[in-house]
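Input: a single structure, listed below in structure tokens.
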Amino acid sequence: MSQNPVHQTELDTLLAISSGLNSTGGNDRFKNIMHQLLSDVCKTIKQFDITDEEFWLAVNYLNELGGRQEAALLAAGLGLEHYLDMRADEKEAASGEEVGTPRTIEGPLYVANAPLSQSFARMDDGSEQAETMWLQGQVTDLNGKPVAGAIVDIWHANTLGGYSFFDQSQSEYNLRRRILTDENGRYTVRSIVPCGYGCPPDGPTQKLLTALGRHGNRPAHVHFFVSAPGYKHLTTQINLNGDEYLWDDFAFATRAELIADPVKITDSAVAKQRDIEGEHTEVNFSFTLVASAESNEEQKIKRLRVKE
Ligand code: MBD
Ligand code: FE
């Protein structure tokens, strides 16, 4: 089928003007990106013969997404945040640099400036009837040398899969702490075993996922930022082994190297030593950091974050 050259020229002209290519001001990179994006959207409209109704449904969906502050949640759910990790991994592999603990997505639920403590912290406010989690590990470099004074910034959900701040029913900074590693590079926290997260069932992200025949669940996980002067910033998570969604995460964040095996501690002497009432769950996870070549690698990527 031959396309009408007149109409093609008309669309080309429209897209060039609408993306600012014919204007003097503005940002060139942004113009070129918008031009590609608009071309792709028009191509899709044509290919699927998108109706006016479908088009306005999509436009109003964007309003709904913004209204519920779920754009970053959808970016995770569509695998786009994971795609950024894939690209970062690829670049690292191509450069031949040594790698430490693998990265995985930050997700949309971080809150900056959680309480900072030395070596140890209790993360939960004691308000929930939950299994106690004793989480500990070491931060080392590629040679196994301990990194003292690293900041391990930890955040996770409660037993309902909710995160403090976003879940207004929780106390401020509940299940969010920053720990400075001790002289042996070690960190320890007492917390509660988290449950997996599920997208708000009445929200726009879940609505889109449902239309794709997908669920919006994540396995039980704990988020980490690990940073220290002279080392590349690490954004990662661990998954607790045994969760039904372990390899079916709607946000694609699971990696084999990031699975931790929860251990049931029944020895009352150990519990007493930790000042824990009875049986509890221990989780061990250690991190390997890579030395940074440039100081900007020591910081987490720039992104709008709560309380930052
Ligand atoms: C989460 O807890 C999360 O970590 C991600 C990536 C998306 C939604 C909820
Ligand atoms: Fe999470």
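As shown in the structure tokens, the chain order sets the letters A, B, ...; within each chain, residues go from 1, and ligands are also counted from 1 in the order they appear.
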Residues of stretch 68-285 of chain A classed as alpha helix (DSSP H) by DSSP on the backbone are to be reported as number ranges by chain. A: 71-77, 80-95, 204-211, 268-273
Selection near A:Pro201, 10 Å with only C-alpha atoms, sequence-local residues under 4 positions removed, as a PyMOL selection string: chain A and resi 205-207+210+215-216
What residues of the protein or nucleic acid chains come within 10 Å of ligand 1 when you use only C-alpha atoms and all ligand atoms? Reply as a PDB file with N, CA and C atoms, in the first residue's frame.
ATOM      1  N   GLU A  70       0.471   8.597  41.234  1.00  0.00           N
ATOM      2  CA  GLU A  70       0.894   7.215  40.970  1.00  0.00           C
ATOM      3  C   GLU A  70       1.786   7.053  39.734  1.00  0.00           C
ATOM      4  N   ALA A  72       4.997   7.374  39.333  1.00  0.00           N
ATOM      5  CA  ALA A  72       6.219   6.602  39.612  1.00  0.00           C
ATOM      6  C   ALA A  72       5.887   5.130  39.893  1.00  0.00           C
ATOM      7  N   LEU A  73       4.714   4.894  40.449  1.00  0.00           N
ATOM      8  CA  LEU A  73       4.276   3.511  40.692  1.00  0.00           C
ATOM      9  C   LEU A  73       4.046   2.799  39.358  1.00  0.00           C
ATOM     10  N   LEU A  74       3.429   3.504  38.422  1.00  0.00           N
ATOM     11  CA  LEU A  74       3.198   2.916  37.103  1.00  0.00           C
ATOM     12  C   LEU A  74       4.517   2.670  36.365  1.00  0.00           C
ATOM     13  N   ALA A  75       5.471   3.594  36.530  1.00  0.00           N
ATOM     14  CA  ALA A  75       6.788   3.421  35.890  1.00  0.00           C
ATOM     15  C   ALA A  75       7.447   2.130  36.376  1.00  0.00           C
ATOM     16  N   ALA A  76       7.263   1.824  37.658  1.00  0.00           N
ATOM     17  CA  ALA A  76       7.789   0.563  38.200  1.00  0.00           C
ATOM     18  C   ALA A  76       7.009  -0.622  37.614  1.00  0.00           C
ATOM     19  N   GLY A  77       5.702  -0.501  37.584  1.00  0.00           N
ATOM     20  CA  GLY A  77       4.836  -1.595  37.138  1.00  0.00           C
ATOM     21  C   GLY A  77       4.974  -1.919  35.659  1.00  0.00           C
ATOM     22  N   GLY A  79       7.737  -1.807  34.153  1.00  0.00           N
ATOM     23  CA  GLY A  79       9.079  -2.335  33.934  1.00  0.00           C
ATOM     24  C   GLY A  79      10.073  -1.284  33.474  1.00  0.00           C
ATOM     25  N   GLU A  81      11.303   1.300  35.224  1.00  0.00           N
ATOM     26  CA  GLU A  81      12.344   1.542  36.234  1.00  0.00           C
ATOM     27  C   GLU A  81      13.379   0.410  36.192  1.00  0.00           C
ATOM     28  N   HIS A  82      12.895  -0.814  35.999  1.00  0.00           N
ATOM     29  CA  HIS A  82      13.820  -1.945  35.864  1.00  0.00           C
ATOM     30  C   HIS A  82      14.668  -1.819  34.598  1.00  0.00           C
ATOM     31  N   THR A 104      19.069  -2.937  42.381  1.00  0.00           N
ATOM     32  CA  THR A 104      17.721  -3.099  41.852  1.00  0.00           C
ATOM     33  C   THR A 104      16.944  -1.841  42.227  1.00  0.00           C
ATOM     34  N   ILE A 105      15.772  -1.675  41.611  1.00  0.00           N
ATOM     35  CA  ILE A 105      15.037  -0.404  41.672  1.00  0.00           C
ATOM     36  C   ILE A 105      14.793   0.167  43.075  1.00  0.00           C
ATOM     37  N   GLU A 106      14.742   1.495  43.119  1.00  0.00           N
ATOM     38  CA  GLU A 106      14.399   2.206  44.364  1.00  0.00           C
ATOM     39  C   GLU A 106      12.907   2.110  44.654  1.00  0.00           C
ATOM     40  N   GLY A 107      12.095   2.194  43.621  1.00  0.00           N
ATOM     41  CA  GLY A 107      10.652   2.241  43.832  1.00  0.00           C
ATOM     42  C   GLY A 107      10.211   3.629  44.255  1.00  0.00           C
ATOM     43  N   PRO A 108       8.905   3.828  44.416  1.00  0.00           N
ATOM     44  CA  PRO A 108       8.357   5.170  44.654  1.00  0.00           C
ATOM     45  C   PRO A 108       8.122   5.527  46.124  1.00  0.00           C
ATOM     46  N   LEU A 109       8.580   4.694  47.069  1.00  0.00           N
ATOM     47  CA  LEU A 109       8.111   4.882  48.446  1.00  0.00           C
ATOM     48  C   LEU A 109       9.201   5.229  49.460  1.00  0.00           C
ATOM     49  N   TYR A 110      10.314   5.771  48.978  1.00  0.00           N
ATOM     50  CA  TYR A 110      11.392   6.199  49.878  1.00  0.00           C
ATOM     51  C   TYR A 110      11.030   7.526  50.537  1.00  0.00           C
ATOM     52  N   TRP A 155      14.393   0.776  54.384  1.00  0.00           N
ATOM     53  CA  TRP A 155      12.951   1.022  54.506  1.00  0.00           C
ATOM     54  C   TRP A 155      12.172  -0.186  54.032  1.00  0.00           C
ATOM     55  N   HIS A 156      11.074  -0.464  54.715  1.00  0.00           N
ATOM     56  CA  HIS A 156      10.241  -1.606  54.312  1.00  0.00           C
ATOM     57  C   HIS A 156       8.808  -1.427  54.785  1.00  0.00           C
ATOM     58  N   ALA A 157       7.949  -2.324  54.316  1.00  0.00           N
ATOM     59  CA  ALA A 157       6.515  -2.252  54.609  1.00  0.00           C
ATOM     60  C   ALA A 157       6.184  -2.918  55.939  1.00  0.00           C
ATOM     61  N   GLY A 161       1.661  -4.547  54.188  1.00  0.00           N
ATOM     62  CA  GLY A 161       2.291  -4.106  52.935  1.00  0.00           C
ATOM     63  C   GLY A 161       2.325  -2.601  52.780  1.00  0.00           C
ATOM     64  N   GLY A 162       2.024  -1.859  53.881  1.00  0.00           N
ATOM     65  CA  GLY A 162       1.983  -0.393  53.811  1.00  0.00           C
ATOM     66  C   GLY A 162       3.281   0.251  54.290  1.00  0.00           C
ATOM     67  N   TYR A 163       3.606   1.398  53.706  1.00  0.00           N
ATOM     68  CA  TYR A 163       4.820   2.148  54.061  1.00  0.00           C
ATOM     69  C   TYR A 163       4.445   3.423  54.809  1.00  0.00           C
ATOM     70  N   CYS A 195       5.378  -7.719  54.967  1.00  0.00           N
ATOM     71  CA  CYS A 195       4.581  -8.474  54.004  1.00  0.00           C
ATOM     72  C   CYS A 195       4.717  -7.803  52.650  1.00  0.00           C
ATOM     73  N   GLY A 196       4.356  -8.498  51.616  1.00  0.00           N
ATOM     74  CA  GLY A 196       4.432  -7.954  50.257  1.00  0.00           C
ATOM     75  C   GLY A 196       3.496  -6.777  50.071  1.00  0.00           C
ATOM     76  N   TYR A 197       3.818  -5.947  49.091  1.00  0.00           N
ATOM     77  CA  TYR A 197       3.028  -4.762  48.767  1.00  0.00           C
ATOM     78  C   TYR A 197       2.051  -5.091  47.653  1.00  0.00           C
ATOM     79  N   GLY A 198       0.901  -4.461  47.701  1.00  0.00           N
ATOM     80  CA  GLY A 198      -0.040  -4.536  46.590  1.00  0.00           C
ATOM     81  C   GLY A 198      -0.453  -3.132  46.193  1.00  0.00           C
ATOM     82  N   CYS A 199      -0.561  -2.859  44.897  1.00  0.00           N
ATOM     83  CA  CYS A 199      -0.997  -1.534  44.435  1.00  0.00           C
ATOM     84  C   CYS A 199      -2.369  -1.208  45.011  1.00  0.00           C
ATOM     85  N   PRO A 200      -2.637   0.073  45.297  1.00  0.00           N
ATOM     86  CA  PRO A 200      -3.982   0.452  45.756  1.00  0.00           C
ATOM     87  C   PRO A 200      -5.024  -0.106  44.786  1.00  0.00           C
ATOM     88  N   GLY A 216      -0.859  -6.582  40.678  1.00  0.00           N
ATOM     89  CA  GLY A 216      -0.011  -5.466  41.117  1.00  0.00           C
ATOM     90  C   GLY A 216       0.687  -5.761  42.424  1.00  0.00           C
ATOM     91  N   ASN A 217       1.155  -7.011  42.587  1.00  0.00           N
ATOM     92  CA  ASN A 217       1.758  -7.414  43.862  1.00  0.00           C
ATOM     93  C   ASN A 217       3.273  -7.547  43.801  1.00  0.00           C
ATOM     94  N   ARG A 218       3.879  -7.278  44.961  1.00  0.00           N
ATOM     95  CA  ARG A 218       5.309  -7.475  45.115  1.00  0.00           C
ATOM     96  C   ARG A 218       5.545  -8.504  46.218  1.00  0.00           C
ATOM     97  N   PRO A 219       6.612  -9.287  46.120  1.00  0.00           N
ATOM     98  CA  PRO A 219       6.961 -10.186  47.224  1.00  0.00           C
ATOM     99  C   PRO A 219       7.465  -9.365  48.417  1.00  0.00           C
ATOM    100  N   ALA A 220       7.515  -9.996  49.597  1.00  0.00           N
ATOM    101  CA  ALA A 220       8.061  -9.321  50.785  1.00  0.00           C
ATOM    102  C   ALA A 220       9.505  -8.939  50.507  1.00  0.00           C
ATOM    103  N   HIS A 221       9.836  -7.668  50.778  1.00  0.00           N
ATOM    104  CA  HIS A 221      11.176  -7.176  50.453  1.00  0.00           C
ATOM    105  C   HIS A 221      11.596  -6.079  51.412  1.00  0.00           C
ATOM    106  N   VAL A 222      12.891  -5.808  51.443  1.00  0.00           N
ATOM    107  CA  VAL A 222      13.452  -4.720  52.250  1.00  0.00           C
ATOM    108  C   VAL A 222      14.349  -3.902  51.321  1.00  0.00           C
ATOM    109  N   HIS A 223      14.153  -2.577  51.349  1.00  0.00           N
ATOM    110  CA  HIS A 223      14.945  -1.665  50.501  1.00  0.00           C
ATOM    111  C   HIS A 223      16.193  -1.179  51.227  1.00  0.00           C
ATOM    112  N   GLN A 237      17.564  -3.986  46.983  1.00  0.00           N
ATOM    113  CA  GLN A 237      16.515  -4.564  47.836  1.00  0.00           C
ATOM    114  C   GLN A 237      16.867  -6.014  48.068  1.00  0.00           C
ATOM    115  N   ASP A 249       7.149 -10.623  40.681  1.00  0.00           N
ATOM    116  CA  ASP A 249       7.071  -9.250  41.174  1.00  0.00           C
ATOM    117  C   ASP A 249       6.525  -8.337  40.081  1.00  0.00           C
ATOM    118  N   PHE A 250       5.483  -7.578  40.369  1.00  0.00           N
ATOM    119  CA  PHE A 250       4.909  -6.709  39.322  1.00  0.00           C
ATOM    120  C   PHE A 250       5.885  -5.600  38.919  1.00  0.00           C
ATOM    121  N   ALA A 251       6.908  -5.364  39.761  1.00  0.00           N
ATOM    122  CA  ALA A 251       7.887  -4.304  39.461  1.00  0.00           C
ATOM    123  C   ALA A 251       9.229  -4.854  38.958  1.00  0.00           C
ATOM    124  N   PHE A 252       9.318  -6.177  38.781  1.00  0.00           N
ATOM    125  CA  PHE A 252      10.490  -6.809  38.147  1.00  0.00           C
ATOM    126  C   PHE A 252      11.810  -6.595  38.896  1.00  0.00           C
ATOM    127  N   ALA A 253      11.781  -6.512  40.220  1.00  0.00           N
ATOM    128  CA  ALA A 253      12.991  -6.158  40.971  1.00  0.00           C
ATOM    129  C   ALA A 253      13.762  -7.354  41.523  1.00  0.00           C
TER     130      ALA A 253
END
Please run DSSP on the backbone and report, as a PyMOL selection string, all residues within stretch 118-306 of chain A that come out as strand (DSSP E or B). chain A and resi 118+120-122+132-140+146+151-156+164+167+176-180+186-192+198+217+221-227+231+234-240+259-260+263-265+280-284+287-288+291+306
Can you tell me which residues surround A:Phe165 at a distance of at most 9 Å, considering only C-alpha atoms, apart from same-chain residues fewer than 4 positions away, and format the answer as a ChimeraX atom specification? /A:109,111,169-174,306
Those selected residues, please, written with N, CA and C atoms and delivered as an mmCIF file, in the first residue's frame.
data_model
loop_
_atom_site.group_PDB
_atom_site.id
_atom_site.type_symbol
_atom_site.label_atom_id
_atom_site.label_comp_id
_atom_site.auth_asym_id
_atom_site.auth_seq_id
_atom_site.Cartn_x
_atom_site.Cartn_y
_atom_site.Cartn_z
ATOM 1 N N LEU A 109 8.580 4.694 47.069
ATOM 2 C CA LEU A 109 8.111 4.882 48.446
ATOM 3 C C LEU A 109 9.201 5.229 49.460
ATOM 4 N N VAL A 111 11.455 7.686 51.770
ATOM 5 C CA VAL A 111 11.347 8.965 52.473
ATOM 6 C C VAL A 111 12.732 9.296 53.013
ATOM 7 N N SER A 169 -1.693 5.942 58.494
ATOM 8 C CA SER A 169 -2.038 5.331 59.780
ATOM 9 C C SER A 169 -0.786 4.957 60.581
ATOM 10 N N GLN A 170 0.383 4.993 59.950
ATOM 11 C CA GLN A 170 1.618 4.629 60.660
ATOM 12 C C GLN A 170 2.309 5.857 61.246
ATOM 13 N N SER A 171 3.118 5.624 62.291
ATOM 14 C CA SER A 171 3.841 6.725 62.921
ATOM 15 C C SER A 171 4.963 7.216 62.005
ATOM 16 N N GLU A 172 5.427 8.439 62.263
ATOM 17 C CA GLU A 172 6.446 9.043 61.419
ATOM 18 C C GLU A 172 7.718 8.180 61.398
ATOM 19 N N TYR A 173 8.230 7.904 60.222
ATOM 20 C CA TYR A 173 9.459 7.130 60.023
ATOM 21 C C TYR A 173 9.381 5.704 60.572
ATOM 22 N N ASN A 174 8.171 5.194 60.793
ATOM 23 C CA ASN A 174 8.059 3.790 61.188
ATOM 24 C C ASN A 174 8.658 2.922 60.075
ATOM 25 N N VAL A 306 10.460 12.440 48.837
ATOM 26 C CA VAL A 306 9.761 12.991 49.995
ATOM 27 C C VAL A 306 10.782 13.402 51.068
#
I need the residue nearest ligand 2 from this list: A:Lys145, A:Arg176, A:Lys43, A:Lys31. Use only C-alpha atoms and all ligand atoms for the distance.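 Of A:Lys145, A:Arg176, A:Lys43, A:Lys31, the one nearest ligand 2 is A:Arg176, counting only C-alpha atoms and all ligand atoms.
The environment of A:Lys300 within 9 Å, counting only C-alpha atoms and disregarding residues fewer than 4 places along the same chain, consists of Phe225, Ser227, Lys232, His233, Leu234, Thr235 and Asn296 of chain A.
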I'd like to know which of A:Gly213, A:Pro194, A:Gly230, A:Pro262 is closest to ligand 2, using only C-alpha atoms and all ligand atoms.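 Looking only at the distances to ligand 2, the closest residue turns out to be A:Pro194.
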Closest to ligand 2 among A:Val263, A:Leu175, A:Ala228, A:Ile301, using only C-alpha atoms and all ligand atoms? A:Leu175
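Using only C-alpha atoms and all ligand atoms for every distance, the candidate list A:Trp56, A:Phe120, A:Tyr61, A:Phe224 yields A:Phe224 as the residue closest to ligand 2.
Interatomic distance, atom CA of A:Leu209 to atom CA of A:Gln47: 22.5 Å.
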Nearest residue to ligand 2 out of A:Ser286, A:Gln8, A:Gln273, A:Thr236, using only C-alpha atoms and all ligand atoms?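 Ranking A:Ser286, A:Gln8, A:Gln273, A:Thr236 by distance to ligand 2, first place goes to A:Thr236.
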So that I can check the surroundings of A:Val139, please list as a ChimeraX atom specification every protein, DNA and RNA residue that reaches within 12 Å of it, counting only C-alpha atoms and ignoring chain neighbours fewer than 4 positions away. /A:100-101,119,143-152,179-188,224-228,231,234,284-290
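With only C-alpha atoms taken into account, the protein and nucleic acid residues at most 12 Å from stretch 39-42 of chain A (excluding it and anything under 3 positions from it in its own chain) are Gln8, Leu11, Asp12, Thr13, Leu14, Leu15, Ala16, Ser18, Ser19, Asn32, Ile33, Met34, His35, Gln36, Ile45, Lys46, Gln47, Phe48, Asp49, Ile50, Phe55 and Ala58 of chain A.
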Interatomic distance (Å, one decimal) between atom CA of A:Ala291 and atom CA of A:Glu98: 9.4 Å
